[in-house]
Each structure stands twice: as C-alpha cells, then as structure tokens.
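Pasting input_0.csv here (CSV, C-alpha atoms):
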```csv
chain,number,residue,atom,x,y,z
A,217,MET,CA,14.0,-24.1,-15.5
A,218,PRO,CA,11.2,-25.2,-17.8
A,219,PRO,CA,8.0,-23.1,-17.5
A,220,LEU,CA,5.4,-24.6,-15.2
A,221,PRO,CA,2.1,-25.7,-16.7
A,222,PRO,CA,-0.8,-23.5,-15.7
A,223,PRO,CA,-2.6,-25.0,-12.7
A,224,SER,CA,-6.0,-26.4,-13.4
A,225,PRO,CA,-8.9,-25.2,-11.3
A,226,ASP,CA,-9.3,-28.1,-9.0
A,227,ASP,CA,-6.3,-30.5,-9.1
A,228,GLY,CA,-2.7,-29.8,-9.7
A,229,LEU,CA,-2.3,-28.1,-6.3
A,230,ARG,CA,0.6,-29.1,-4.1
A,231,PRO,CA,0.2,-30.3,-0.5
A,232,PRO,CA,-0.4,-27.5,2.0
A,233,PRO,CA,2.9,-25.8,2.9
A,234,GLY,CA,4.4,-26.1,6.4
A,235,LEU,CA,5.6,-23.2,8.6
A,236,VAL,CA,9.1,-23.1,7.1
A,237,GLU,CA,7.8,-23.2,3.6
A,238,LEU,CA,5.4,-20.4,4.3
A,239,PHE,CA,8.2,-18.2,5.7
A,240,VAL,CA,10.6,-19.0,2.9
A,241,GLY,CA,7.9,-18.7,0.3
A,242,PHE,CA,6.8,-15.2,1.3
A,243,LEU,CA,10.4,-14.2,1.9
A,244,SER,CA,11.3,-15.2,-1.7
A,245,VAL,CA,8.4,-13.0,-2.9
A,246,THR,CA,9.1,-10.0,-0.9
A,247,VAL,CA,12.8,-9.5,-1.6
A,248,ILE,CA,12.1,-9.2,-5.3
A,249,ALA,CA,9.0,-7.1,-4.9
A,250,PHE,CA,9.8,-3.5,-6.0
A,251,GLY,CA,6.9,-1.1,-6.2
A,252,GLY,CA,4.0,-3.5,-5.6
A,253,VAL,CA,4.0,-7.0,-4.0
A,254,LEU,CA,0.6,-8.3,-5.1
A,255,PRO,CA,1.4,-9.3,-8.7
A,256,ILE,CA,4.5,-11.1,-7.5
A,257,VAL,CA,2.7,-12.9,-4.6
A,258,ARG,CA,0.2,-14.1,-7.2
A,259,ARG,CA,2.9,-15.5,-9.5
A,260,ALA,CA,4.4,-17.3,-6.5
A,261,VAL,CA,1.4,-18.8,-4.7
A,262,VAL,CA,-0.7,-19.6,-7.8
A,263,GLU,CA,1.9,-20.5,-10.4
A,264,ARG,CA,5.2,-21.4,-8.8
A,265,TYR,CA,4.2,-23.0,-5.5
A,266,ARG,CA,0.6,-23.9,-6.5
A,267,TRP,CA,-0.7,-23.6,-3.0
A,268,ILE,CA,-4.1,-22.1,-4.2
A,269,THR,CA,-6.0,-21.8,-7.5
A,270,PRO,CA,-6.4,-18.5,-9.5
A,271,ASP,CA,-10.0,-18.2,-8.4
A,272,GLU,CA,-9.1,-18.6,-4.8
A,273,PHE,CA,-6.5,-16.0,-5.2
A,274,THR,CA,-9.0,-13.5,-6.7
A,275,GLU,CA,-11.4,-14.1,-3.8
A,276,LEU,CA,-8.6,-13.6,-1.3
A,277,VAL,CA,-7.7,-10.2,-2.9
A,278,GLY,CA,-11.4,-9.2,-2.6
A,279,LEU,CA,-11.4,-10.1,1.1
A,280,ALA,CA,-8.0,-8.4,1.7
A,281,GLN,CA,-9.4,-5.2,0.2
A,282,PHE,CA,-12.6,-5.3,2.1
A,283,LEU,CA,-10.8,-5.6,5.5
A,284,PRO,CA,-9.1,-2.5,7.0
A,285,GLY,CA,-5.3,-2.5,7.1
A,286,PRO,CA,-2.6,-3.0,4.5
A,287,ASN,CA,-4.1,-5.3,1.7
A,288,ILE,CA,-1.0,-7.5,1.1
A,289,ILE,CA,-0.6,-8.1,4.9
A,290,ASN,CA,-4.2,-9.1,5.2
A,291,LEU,CA,-3.8,-11.5,2.3
A,292,THR,CA,-0.7,-13.1,3.8
A,293,ILE,CA,-2.4,-13.5,7.2
A,294,VAL,CA,-5.5,-15.2,5.7
A,295,LEU,CA,-3.4,-17.5,3.5
A,296,GLY,CA,-1.0,-18.5,6.2
A,297,GLY,CA,-3.8,-19.0,8.7
A,298,ARG,CA,-5.8,-21.1,6.2
A,299,PHE,CA,-2.9,-23.6,5.9
A,300,ARG,CA,-1.4,-23.7,9.4
A,301,GLY,CA,-3.6,-21.7,11.8
A,302,PRO,CA,-2.1,-18.9,13.9
A,303,ALA,CA,1.5,-20.1,13.6
A,304,GLY,CA,1.1,-20.2,9.8
A,305,ALA,CA,-0.2,-16.7,9.8
A,306,VAL,CA,2.7,-15.5,11.8
A,307,SER,CA,5.3,-17.4,9.7
A,308,ALA,CA,3.9,-16.0,6.5
A,309,PHE,CA,3.7,-12.5,7.9
A,310,LEU,CA,7.3,-12.6,9.2
A,311,GLY,CA,8.5,-14.0,5.9
A,312,LEU,CA,6.9,-11.1,4.1
A,313,THR,CA,7.9,-8.2,6.4
A,314,LEU,CA,11.0,-9.0,8.5
A,315,VAL,CA,13.8,-8.8,6.0
A,316,PRO,CA,12.3,-5.8,4.1
A,317,ALA,CA,11.7,-3.9,7.3
A,318,VAL,CA,15.3,-4.2,8.2
A,319,GLY,CA,16.3,-3.3,4.7
A,320,VAL,CA,14.0,-0.2,4.6
A,321,VAL,CA,15.4,1.1,7.9
A,322,ILE,CA,19.0,0.6,6.7
A,323,ALA,CA,18.2,2.4,3.5
A,324,GLY,CA,16.6,5.2,5.5
A,325,VAL,CA,19.6,5.5,7.8
A,326,VAL,CA,22.0,5.6,4.9
A,327,PHE,CA,20.1,8.2,3.0
A,328,ASN,CA,19.6,10.4,6.1
A,329,HIS,CA,23.3,10.2,6.9
A,330,TYR,CA,24.3,11.4,3.5
A,331,ALA,CA,21.3,13.8,3.1
A,332,ASP,CA,23.7,16.8,3.3
A,333,VAL,CA,25.6,15.5,0.3
A,334,ALA,CA,24.1,17.4,-2.7
A,335,ALA,CA,24.1,14.4,-5.0
A,336,VAL,CA,22.2,12.2,-2.4
A,337,ALA,CA,19.7,15.0,-1.8
A,338,ASP,CA,19.2,15.4,-5.6
A,339,MET,CA,18.8,11.7,-6.0
A,340,LEU,CA,16.2,11.5,-3.3
A,341,ALA,CA,14.3,14.4,-4.9
A,342,GLY,CA,14.2,12.5,-8.2
A,343,LEU,CA,13.2,9.3,-6.5
A,344,ALA,CA,10.4,11.1,-4.6
A,345,ALA,CA,9.1,12.6,-7.9
A,346,GLY,CA,9.0,9.2,-9.5
A,347,ALA,CA,7.3,7.6,-6.5
A,348,ALA,CA,4.6,10.2,-6.6
A,349,GLY,CA,4.0,9.5,-10.3
A,350,LEU,CA,3.7,5.8,-9.4
A,351,VAL,CA,0.9,6.4,-7.0
A,352,ILE,CA,-1.0,8.7,-9.4
A,353,ALA,CA,-0.6,6.0,-12.1
A,354,MET,CA,-1.9,3.3,-9.7
A,355,SER,CA,-5.1,5.3,-9.1
A,356,GLY,CA,-5.4,5.9,-12.9
A,357,ARG,CA,-5.1,2.1,-13.5
A,358,MET,CA,-7.6,1.3,-10.9
A,359,ALA,CA,-10.0,3.9,-12.4
A,360,GLU,CA,-10.0,2.2,-15.8
A,361,PRO,CA,-13.4,0.5,-15.2
A,362,LEU,CA,-14.8,3.9,-14.3
A,363,TRP,CA,-13.8,5.3,-17.7
A,364,ARG,CA,-15.0,2.2,-19.6
A,365,TYR,CA,-18.4,2.0,-17.8
A,366,PRO,CA,-18.9,5.5,-16.6
A,367,SER,CA,-21.4,5.8,-13.9
A,368,PHE,CA,-22.5,8.7,-11.8
A,369,HIS,CA,-21.9,6.7,-8.7
A,370,GLY,CA,-18.3,5.6,-9.5
A,371,ALA,CA,-17.0,8.8,-10.9
A,372,GLY,CA,-18.9,11.0,-8.5
A,373,ILE,CA,-17.7,9.3,-5.4
A,374,ALA,CA,-14.1,9.1,-6.7
A,375,ILE,CA,-14.0,12.8,-7.5
A,376,ALA,CA,-15.7,13.8,-4.3
A,377,ALA,CA,-13.2,11.7,-2.2
A,378,PHE,CA,-10.3,13.2,-4.2
A,379,ALA,CA,-11.5,16.8,-3.9
A,380,ALA,CA,-12.3,16.5,-0.2
A,381,ILE,CA,-8.8,15.3,0.6
A,382,ALA,CA,-6.5,16.9,-2.0
A,383,LEU,CA,-8.2,20.2,-2.6
A,384,PHE,CA,-10.1,21.0,0.7
A,385,GLY,CA,-7.8,19.2,3.1
A,386,PHE,CA,-10.6,17.4,5.1
A,387,SER,CA,-9.5,14.7,7.5
A,388,LEU,CA,-9.9,11.1,6.4
A,389,PRO,CA,-12.2,10.0,9.2
A,390,MET,CA,-14.6,12.8,8.2
A,391,VAL,CA,-14.5,11.9,4.5
A,392,MET,CA,-15.0,8.2,5.2
A,393,LEU,CA,-17.9,8.9,7.6
A,394,VAL,CA,-19.7,10.9,5.0
A,395,LEU,CA,-18.8,9.2,1.7
A,396,ALA,CA,-18.7,5.5,2.7
A,397,PRO,CA,-22.4,5.3,3.7
A,398,VAL,CA,-23.3,7.4,0.6
A,399,SER,CA,-21.3,5.2,-1.7
A,400,MET,CA,-22.6,2.0,-0.2
A,401,GLY,CA,-26.1,3.3,-0.4
A,402,LEU,CA,-25.7,4.1,-4.1
A,403,ALA,CA,-24.2,0.6,-4.6
A,404,TRP,CA,-27.1,-1.0,-2.8
A,405,TRP,CA,-29.5,1.0,-5.1
A,406,LYS,CA,-27.6,-0.1,-8.2
A,407,LEU,CA,-27.5,-3.8,-7.1
A,408,ARG,CA,-31.1,-3.9,-6.1
B,68,MET,CA,8.9,18.0,17.9
B,69,SER,CA,7.8,17.9,21.6
B,70,ASP,CA,9.9,16.7,24.5
B,71,THR,CA,7.4,14.0,25.5
B,72,ASN,CA,8.0,10.4,24.5
B,73,PRO,CA,6.3,10.0,21.0
B,74,LEU,CA,5.8,6.3,21.3
B,75,GLY,CA,2.2,6.6,22.6
B,76,ALA,CA,1.3,9.1,19.9
B,77,LEU,CA,2.9,6.9,17.3
B,78,ALA,CA,0.9,3.9,18.5
B,79,LEU,CA,-2.4,5.7,18.6
B,80,GLN,CA,-1.9,7.4,15.3
B,81,PHE,CA,-1.0,4.2,13.3
B,82,LEU,CA,-3.6,2.2,15.1
B,83,SER,CA,-6.4,4.6,14.0
B,84,LEU,CA,-4.9,4.8,10.5
B,85,SER,CA,-4.9,1.1,10.1
B,86,LEU,CA,-8.6,0.9,10.9
B,87,LEU,CA,-9.3,3.5,8.3
B,88,ALA,CA,-7.1,1.8,5.7
B,89,VAL,CA,-9.9,0.0,3.9
B,90,GLY,CA,-8.3,0.7,0.5
B,91,GLY,CA,-4.8,-0.3,1.6
B,92,ALA,CA,-1.9,1.7,3.0
B,93,ASN,CA,-1.8,4.1,0.0
B,94,ALA,CA,-5.4,5.2,0.7
B,95,VAL,CA,-4.4,6.6,4.1
B,96,LEU,CA,-1.3,8.4,3.0
B,97,PRO,CA,-3.0,11.8,3.0
B,98,GLU,CA,-4.2,11.3,6.6
B,99,MET,CA,-0.7,10.0,7.5
B,100,HIS,CA,0.8,13.1,5.9
B,101,ARG,CA,-1.7,15.3,7.7
B,102,GLN,CA,-0.9,13.7,11.1
B,103,VAL,CA,2.9,13.4,10.7
B,104,VAL,CA,3.6,16.7,8.9
B,105,GLU,CA,0.8,19.1,9.9
B,106,VAL,CA,-0.4,17.9,13.3
B,107,ALA,CA,2.6,16.3,15.0
B,108,GLY,CA,5.3,18.2,13.1
B,109,TRP,CA,7.6,15.1,13.0
B,110,MET,CA,8.7,15.7,9.5
B,111,THR,CA,8.7,18.4,6.7
B,112,ASP,CA,6.6,18.0,3.6
B,113,ALA,CA,9.8,17.1,1.6
B,114,GLN,CA,11.0,14.6,4.2
B,115,PHE,CA,7.7,12.8,4.1
B,116,SER,CA,7.8,12.5,0.3
B,117,GLN,CA,11.4,11.3,0.4
B,118,THR,CA,10.6,8.8,3.2
B,119,TYR,CA,7.8,7.4,1.1
B,120,ALA,CA,10.2,7.2,-1.9
B,121,ILE,CA,12.8,5.3,0.0
B,122,ALA,CA,10.1,2.8,1.2
B,123,GLN,CA,8.9,2.4,-2.4
B,124,ALA,CA,12.4,1.9,-3.8
B,125,ALA,CA,13.3,-0.7,-1.3
B,126,PRO,CA,11.8,-4.2,-1.9
B,127,GLY,CA,8.8,-5.3,0.2
B,128,PRO,CA,5.3,-4.2,1.1
B,129,ASN,CA,4.6,-0.5,0.6
B,130,MET,CA,3.3,-0.2,4.2
B,131,LEU,CA,6.9,-0.4,5.4
B,132,VAL,CA,6.8,3.4,5.0
B,133,VAL,CA,5.2,3.2,8.4
B,134,THR,CA,8.2,1.4,9.9
B,135,LEU,CA,10.5,4.0,8.5
B,136,ILE,CA,8.4,6.9,9.8
B,137,GLY,CA,8.5,5.3,13.2
B,138,TRP,CA,12.3,4.9,13.0
B,139,ASN,CA,12.8,8.5,12.0
B,140,VAL,CA,10.6,9.7,14.9
B,141,ALA,CA,11.8,7.4,17.7
B,142,GLY,CA,14.5,5.0,16.6
B,143,PHE,CA,14.1,1.2,17.0
B,144,TRP,CA,11.2,1.3,19.4
B,145,GLY,CA,9.4,3.8,17.2
B,146,ALA,CA,9.8,1.5,14.2
B,147,LEU,CA,8.5,-1.5,16.1
B,148,VAL,CA,5.6,0.4,17.7
B,149,ALA,CA,4.5,2.0,14.5
B,150,THR,CA,4.6,-1.4,12.6
B,151,VAL,CA,2.8,-3.4,15.2
B,152,ALA,CA,0.1,-0.7,15.6
B,153,MET,CA,-0.4,-0.6,11.8
B,154,CYS,CA,-0.5,-4.4,11.4
B,155,GLY,CA,-1.4,-6.0,14.7
B,156,PRO,CA,-5.1,-5.3,15.3
B,157,THR,CA,-6.0,-5.5,11.6
B,158,CYS,CA,-4.1,-8.8,11.3
B,159,LEU,CA,-6.2,-10.3,14.1
B,160,LEU,CA,-9.3,-9.1,12.4
B,161,ALA,CA,-8.1,-10.6,9.1
B,162,TYR,CA,-7.4,-13.9,10.7
B,163,TYR,CA,-10.8,-14.3,12.2
B,164,VAL,CA,-12.8,-12.9,9.3
B,165,GLY,CA,-10.7,-15.0,6.9
B,166,GLY,CA,-12.1,-18.1,8.6
B,167,ILE,CA,-15.7,-17.2,8.1
B,168,TRP,CA,-15.6,-15.1,4.9
B,169,ASP,CA,-16.4,-18.0,2.5
B,170,LYS,CA,-19.8,-18.4,4.1
B,171,PHE,CA,-20.9,-15.0,2.8
B,172,ARG,CA,-19.7,-15.5,-0.7
B,173,GLU,CA,-23.2,-14.9,-2.2
B,174,ALA,CA,-24.4,-12.4,0.5
B,175,LYS,CA,-25.7,-9.2,-1.0
B,176,TRP,CA,-24.2,-7.0,1.7
B,177,ARG,CA,-20.8,-8.2,0.8
B,178,ARG,CA,-21.2,-7.1,-2.8
B,179,VAL,CA,-22.7,-3.8,-1.7
B,180,ILE,CA,-19.7,-3.0,0.6
B,181,GLN,CA,-17.2,-4.0,-2.1
B,182,THR,CA,-18.9,-2.0,-4.8
B,183,GLY,CA,-19.3,1.0,-2.6
B,184,LEU,CA,-15.7,1.0,-1.5
B,185,VAL,CA,-14.0,0.8,-4.9
B,186,PRO,CA,-14.6,4.4,-6.1
B,187,LEU,CA,-13.8,5.8,-2.7
B,188,THR,CA,-10.5,3.9,-2.7
B,189,ILE,CA,-9.6,5.2,-6.2
B,190,GLY,CA,-10.3,8.9,-5.1
B,191,LEU,CA,-8.2,8.5,-2.0
B,192,ILE,CA,-5.3,7.0,-3.8
B,193,ALA,CA,-5.4,9.7,-6.4
B,194,ALA,CA,-5.3,12.3,-3.6
B,195,SER,CA,-2.3,10.5,-2.1
B,196,GLY,CA,-0.5,10.8,-5.4
B,197,ILE,CA,-1.2,14.5,-5.6
B,198,LEU,CA,-0.1,15.2,-2.1
B,199,LEU,CA,3.2,13.3,-2.6
B,200,ALA,CA,3.7,15.1,-5.9
B,201,GLU,CA,3.3,18.5,-4.1
B,202,GLY,CA,5.9,17.4,-1.5
B,203,ALA,CA,8.3,16.1,-4.1
B,204,ALA,CA,8.0,19.0,-6.6
B,205,ARG,CA,10.9,21.4,-5.9
B,206,THR,CA,11.1,22.7,-9.4
B,207,TRP,CA,8.9,22.7,-12.5
B,208,SER,CA,11.1,19.9,-14.0
B,209,THR,CA,10.6,17.7,-11.0
B,210,ALA,CA,6.8,18.1,-11.3
B,211,ALA,CA,7.1,17.4,-15.0
B,212,PHE,CA,8.9,14.2,-14.3
B,213,THR,CA,6.2,13.1,-11.9
B,214,ILE,CA,3.6,13.7,-14.6
B,215,ALA,CA,5.7,11.8,-17.1
B,216,THR,CA,6.1,8.9,-14.7
B,217,ALA,CA,2.3,8.8,-14.1
B,218,VAL,CA,1.5,8.8,-17.8
B,219,ILE,CA,4.2,6.2,-18.7
B,220,LEU,CA,3.2,3.8,-16.0
B,221,MET,CA,-0.5,4.2,-16.9
B,222,VAL,CA,-0.1,3.4,-20.6
B,223,THR,CA,2.8,0.8,-20.5
B,224,ARG,CA,3.5,-2.3,-18.5
B,225,ILE,CA,7.1,-1.6,-17.6
B,226,SER,CA,8.1,-2.2,-14.0
B,227,PRO,CA,7.8,0.9,-11.8
B,228,ILE,CA,11.3,0.3,-10.5
B,229,TRP,CA,12.7,1.6,-13.8
B,230,MET,CA,10.9,5.0,-13.4
B,231,LEU,CA,12.3,5.2,-9.8
B,232,ALA,CA,15.8,4.5,-11.1
B,233,ILE,CA,15.5,7.0,-13.9
B,234,GLY,CA,14.2,9.6,-11.4
B,235,ALA,CA,17.1,8.9,-9.1
B,236,GLY,CA,19.5,9.2,-12.1
B,237,LEU,CA,18.1,12.4,-13.4
B,238,GLY,CA,18.2,13.8,-9.8
B,239,ILE,CA,21.9,13.0,-9.4
B,240,ALA,CA,22.7,14.5,-12.8
B,241,GLY,CA,21.0,17.7,-11.7
B,242,LEU,CA,18.5,17.5,-14.5
B,243,ILE,CA,15.3,17.6,-12.4
```
Show the structure stored in the file as structure tokens.
Amino acid sequence: MPPLPPPSPDDGLRPPPGLVELFVGFLSVTVIAFGGVLPIVRRAVVERYRWITPDEFTELVGLAQFLPGPNIINLTIVLGGRFRGPAGAVSAFLGLTLVPAVGVVIAGVVFNHYADVAAVADMLAGLAAGAAGLVIAMSGRMAEPLWRYPSFHGAGIAIAAFAAIALFGFSLPMVMLVLAPVSMGLAWWKLR
Amino acid sequence: MSDTNPLGALALQFLSLSLLAVGGANAVLPEMHRQVVEVAGWMTDAQFSQTYAIAQAAPGPNMLVVTLIGWNVAGFWGALVATVAMCGPTCLLAYYVGGIWDKFREAKWRRVIQTGLVPLTIGLIAASGILLAEGAARTWSTAAFTIATAVILMVTRISPIWMLAIGAGLGIAGLI
C-alpha cells in the first residue's frame, strides 16, 4: 500500500463515518494497540481514515484529559458522538473495548489456571516487572516539559503528589482535594 | 474476602475511581491498589501487579485492568459491573461536555484547569509506577529489570511490548 499523503488542515478529510465504519475503525485500532492506544488511534483517525485534522485531534486529547475517566475512552465517545450522536458514541466505544475485554479476560483465566506452573509464575513476574517500568517511563516522558522549563509550580506539585501517594500512603481523594485547588491556583497566578 | 456479594462494592469503588481519574486510568492505580489490596483484600500485592501486567500485555485500552479485576473478584458479572461503573457515568459526561467544549476554547478557566492538572497527573502516574514496581519486585534482579525498562523506554522510541516480551522471557528463563 503506498503511503498516504499527509492531510491538509482543512480539506482532504473523508466523509463522516457511519456506525459500522466507527465500530470497525476503532476495532482495527484496538487489536494492534499494545501498551498504549492513543498513538495508534491518532495514526488511524488522522492519517489512515482522515476523519479529523491533526489540530482537531490535539484538541480532543486535551478535552479527554480534562474530563474524568479513562482518557482514550473519553476521546472515543466524543469522536463517535460528534459524527453520529449517541449511537455513534456507542459504536465507537464497543469497537474499542468489546474484543479486547474478552481477550483480557481469556488471558487472565489462562494465566490464573496455570499460575501453579513455575514457568508461568516466573513469566508473570517478569511481565509485571516490565509493566511497572513502562508506567514509570510514561511518567518520566510526561515530565519532560518540567525538566526543560523547570518551575516551582510544576515540579513542586508533581513531587508533592508523588510523595503523598507513594511515600505516605494518603488516599487519592484526600490528595486531590488538597493539591488540585493549590495547583490550579498557582496556574491561575502564572497565567494571570 | 467476605461472604457478601461483592458486586455492589465493585460498582461503588470503580464509580468513585472513575470520577477521580482526571489523569486517566493510570493516575488512579494507587487508589485502585489501596482499595482492592488493602481495604477490600480481594487480591495480594503480587496478584495486583500481575493482573495489571496481563492487561498491559494484552491489546486494547489500559483501563481493561478494571475488567480483569472485576472478573477475578466476581466472574462475568464482576467484569461487567466493574467496566460499566468505570466507563458509564464518565462516558455520559464526556458525551455532553464534548458537545459544548469548543465554545470555551479561549476561556481562561479552561487553561487554568488544564495547566493545574498536568503536574498533578505526572506525580500520580509516577506513584503508580513505584507501587506496581514494589508489587512486582520479588528479587533484586526483578527490581533491576523494572529500572532498566523504565530507563530504556524513556530514552528510546522502541515499542513497550518488546520490554514486556523480554521481561516474560527472562522470567521463564529464571533470570529475574
């Protein structure tokens, strides 16, 4: 397949997808998404299917992060809903989650069934060690702007949140109640 | 694990977690861990880390760890209840806010909220990683592999699935 030309900001978009296209589109994304769906969703909806422009995608990511709940699910709901209303949101959501949910349960059952086998237990231990490293790396990657443009606000809040949870074992609601208003207050001060 | 039906507890727990999950599912992992391992006692520390690892290694959204926890606690209905609780209410919110969000593109409060949440999210995800690493570390070499994975994925662009595969391979070989 020849490489697709990069979409231009305004034209070059394809007609809005139907319900089946939304389902199949997100299904095709999710079954190849190992360790992070977002980059693969971007490649699909911006470059392969050309449903939205790169700028629209970036804005959607910002919205998905602002809303509570799993980011990638929020993005899927907003995108599906934008094209086809509630039915579109449901189609996109089911495309993204149905098959992987069955897959993850089957994987869990198989692993649990053979958990007594030493090799399987050893494999799971190695897998878990890798997965933990993956999450640490993700936080490191996200913290890159904090290293590049160090600010008392950014570094202070990140370290305080980390310490409150990982070192002192405070509950998340408590940490959020204290740190979210402080952090937003500092952001307001900075953006004033 | 208590004798009472855990479905109600599962629903309540993941519902409240979803509303706190402003930085995504990974940001609430420590709270999930606290609830599932320490408060409810549904899993051990190691089981939690391994369940997370299985959900990571399988394709699909990371939040499916919730589905798998639900399945381990209460079978099919547990998986369904946990997933719907984690996604349902926040999906409704996303649907409605998604319709009006564009209107506030230039609004200052929108930028204040986003700027304020970023460092909080980073700190919470880092805490998630450390808690998972504690659960996963059965020996010094396992902990060393976690550190190596974190460094490699931070400085290179290789797909994370390779580090998971290498971890699984080293585990089978009895090297970590």
Identify, on the basis of only C-alpha atoms, every residue whose closest approach to Ala334 (chain A) does not exceed 12 Å; exclude the query and any residue fewer than 6 positions from it along the same chain; express the result as a short mmCIF file (atom, residue, chain, number, x, y, z; two decimals) with C-alpha atoms, in the frame of the given file.
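The resulting result_0.cif:
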```
data_model
loop_
_atom_site.label_atom_id
_atom_site.label_comp_id
_atom_site.auth_asym_id
_atom_site.auth_seq_id
_atom_site.Cartn_x
_atom_site.Cartn_y
_atom_site.Cartn_z
CA PHE A 327 20.10 8.20 3.00
CA LEU A 340 16.20 11.50 -3.30
CA ALA A 341 14.30 14.40 -4.90
CA GLY B 238 18.20 13.80 -9.80
CA ILE B 239 21.90 13.00 -9.40
CA ALA B 240 22.70 14.50 -12.80
CA GLY B 241 21.00 17.70 -11.70
#
```
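Across the model, the gap from CA of Phe282 (chain A) to CA of Ala396 (chain A) is 12.4 Å.
Residues surrounding region 197-214 of chain B within 7 Å are A:Ala341, A:Gly342, A:Ala344, A:Ala345, A:Gly346, A:Ala348, A:Gly349, A:Ile352, A:Ala382, B:Pro97, B:Asp112, B:Ala113, B:Ser116, B:Ala193, B:Ala194, B:Ala217, B:Val218, B:Ile243 [all atoms listed in the file; sequence separation below 3 positions excluded].
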Write out, as a short mmCIF file (atom, residue, chain, number, x, y, z; two decimals), in the frame of the given file, the residues just selected, with C-alpha atoms.
```cif
data_model
loop_
_atom_site.label_atom_id
_atom_site.label_comp_id
_atom_site.auth_asym_id
_atom_site.auth_seq_id
_atom_site.Cartn_x
_atom_site.Cartn_y
_atom_site.Cartn_z
CA ALA A 341 14.30 14.40 -4.90
CA GLY A 342 14.20 12.50 -8.20
CA ALA A 344 10.40 11.10 -4.60
CA ALA A 345 9.10 12.60 -7.90
CA GLY A 346 9.00 9.20 -9.50
CA ALA A 348 4.60 10.20 -6.60
CA GLY A 349 4.00 9.50 -10.30
CA ILE A 352 -1.00 8.70 -9.40
CA ALA A 382 -6.50 16.90 -2.00
CA PRO B 97 -3.00 11.80 3.00
CA ASP B 112 6.60 18.00 3.60
CA ALA B 113 9.80 17.10 1.60
CA SER B 116 7.80 12.50 0.30
CA ALA B 193 -5.40 9.70 -6.40
CA ALA B 194 -5.30 12.30 -3.60
CA ALA B 217 2.30 8.80 -14.10
CA VAL B 218 1.50 8.80 -17.80
CA ILE B 243 15.30 17.60 -12.40
#
```
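CA of Ile381 (chain A) is positioned 19.1 Å from CA of Gly108 (chain B).
You can rank B:Thr223, B:Thr157, B:Asn129, B:Gln181 by their closest distance to Leu96 (chain B) using only C-alpha atoms, and at the top of that list sits B:Asn129.
Summary of the local environment: counting all atoms listed in the file, residues at most 9 Å from region 234-242 of chain A, other than itself and those fewer than 4 positions away along its chain, are Thr246, Val247, Val257, Ala260, Val261, Tyr265, Thr292, Gly296, Phe299, Arg300, Ala303, Gly304, Ala305, Val306, Ser307, Ala308, Phe309, Leu310, Gly311, Leu312 and Thr313 of chain A.
Distances here use only C-alpha atoms; by that measure, the residue among B:Ala174, B:Leu147, B:Cys158, B:Val140 closest to chain A is B:Cys158.
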Which is closest to chain B among A:Ala379, A:Val315, A:Lys406, A:Pro286, if we use only C-alpha atoms? A:Pro286
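With only C-alpha atoms as the atoms that count, the minimum distance from Leu231 (chain B) to the choices B:Asn93, B:Asn72, B:Gln117, B:Ser195 is reached by B:Gln117.
The gap separating CA of Arg178 (chain B) from CA of Ala377 (chain A) is 20.4 Å, in Å to one decimal.
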Of the candidates A:Pro255, A:Pro232, A:Pro366, A:Gly401, which one gets nearest to chain B if we count only C-alpha atoms? A:Gly401
Local residues around (-26.1, -3.3, -3.2), at most 7 Å away, using only C-alpha atoms, as a PyMOL selection string: (chain A and resi 403-408) or (chain B and resi 175-176+178-179)
If we draw a sphere of 12 Å around (-2.2, 4.0, -20.7), which residues have at least one atom in it when counting all atoms listed in the file? Please report them as a ChimeraX atom specification. /A:353-354,356-360 /B:215-225
Looking at B:Thr134, B:Gly91, B:Ile167, B:Val148, which one is nearest to Ile121 (chain B), with distances taken over only C-alpha atoms? B:Thr134
Please produce region 112-123 of chain B, completed to N, CA and C atoms, as a PDB file, in the frame of the given file.
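Written out: rebuild-v6.pdb:
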```pdb
ATOM      1  N   ASP B 112       7.323  18.478   4.755  1.00  0.00           N
ATOM      2  CA  ASP B 112       6.600  18.000   3.600  1.00  0.00           C
ATOM      3  C   ASP B 112       7.621  17.180   2.697  1.00  0.00           C
ATOM      4  N   ALA B 113       8.788  17.753   2.436  1.00  0.00           N
ATOM      5  CA  ALA B 113       9.800  17.100   1.600  1.00  0.00           C
ATOM      6  C   ALA B 113      10.296  15.818   2.199  1.00  0.00           C
ATOM      7  N   GLN B 114      10.538  15.849   3.520  1.00  0.00           N
ATOM      8  CA  GLN B 114      11.000  14.600   4.200  1.00  0.00           C
ATOM      9  C   GLN B 114      10.002  13.504   4.080  1.00  0.00           C
ATOM     10  N   PHE B 115       8.727  13.865   4.185  1.00  0.00           N
ATOM     11  CA  PHE B 115       7.700  12.800   4.100  1.00  0.00           C
ATOM     12  C   PHE B 115       7.701  12.205   2.705  1.00  0.00           C
ATOM     13  N   SER B 116       7.753  13.035   1.663  1.00  0.00           N
ATOM     14  CA  SER B 116       7.800  12.500   0.300  1.00  0.00           C
ATOM     15  C   SER B 116       8.999  11.626   0.073  1.00  0.00           C
ATOM     16  N   GLN B 117      10.141  12.039   0.660  1.00  0.00           N
ATOM     17  CA  GLN B 117      11.400  11.300   0.400  1.00  0.00           C
ATOM     18  C   GLN B 117      11.339   9.960   1.225  1.00  0.00           C
ATOM     19  N   THR B 118      10.772   9.999   2.446  1.00  0.00           N
ATOM     20  CA  THR B 118      10.600   8.800   3.200  1.00  0.00           C
ATOM     21  C   THR B 118       9.769   7.776   2.460  1.00  0.00           C
ATOM     22  N   TYR B 119       8.679   8.290   1.888  1.00  0.00           N
ATOM     23  CA  TYR B 119       7.800   7.400   1.100  1.00  0.00           C
ATOM     24  C   TYR B 119       8.584   6.843  -0.090  1.00  0.00           C
ATOM     25  N   ALA B 120       9.402   7.698  -0.718  1.00  0.00           N
ATOM     26  CA  ALA B 120      10.200   7.200  -1.900  1.00  0.00           C
ATOM     27  C   ALA B 120      11.147   6.150  -1.533  1.00  0.00           C
ATOM     28  N   ILE B 121      11.816   6.286  -0.387  1.00  0.00           N
ATOM     29  CA  ILE B 121      12.800   5.300   0.000  1.00  0.00           C
ATOM     30  C   ILE B 121      12.050   3.937   0.257  1.00  0.00           C
ATOM     31  N   ALA B 122      10.886   4.001   0.917  1.00  0.00           N
ATOM     32  CA  ALA B 122      10.100   2.800   1.200  1.00  0.00           C
ATOM     33  C   ALA B 122       9.643   2.146  -0.120  1.00  0.00           C
ATOM     34  N   GLN B 123       9.337   2.970  -1.112  1.00  0.00           N
ATOM     35  CA  GLN B 123       8.900   2.400  -2.400  1.00  0.00           C
ATOM     36  C   GLN B 123      10.074   1.791  -3.146  1.00  0.00           C
TER      37      GLN B 123
END
```
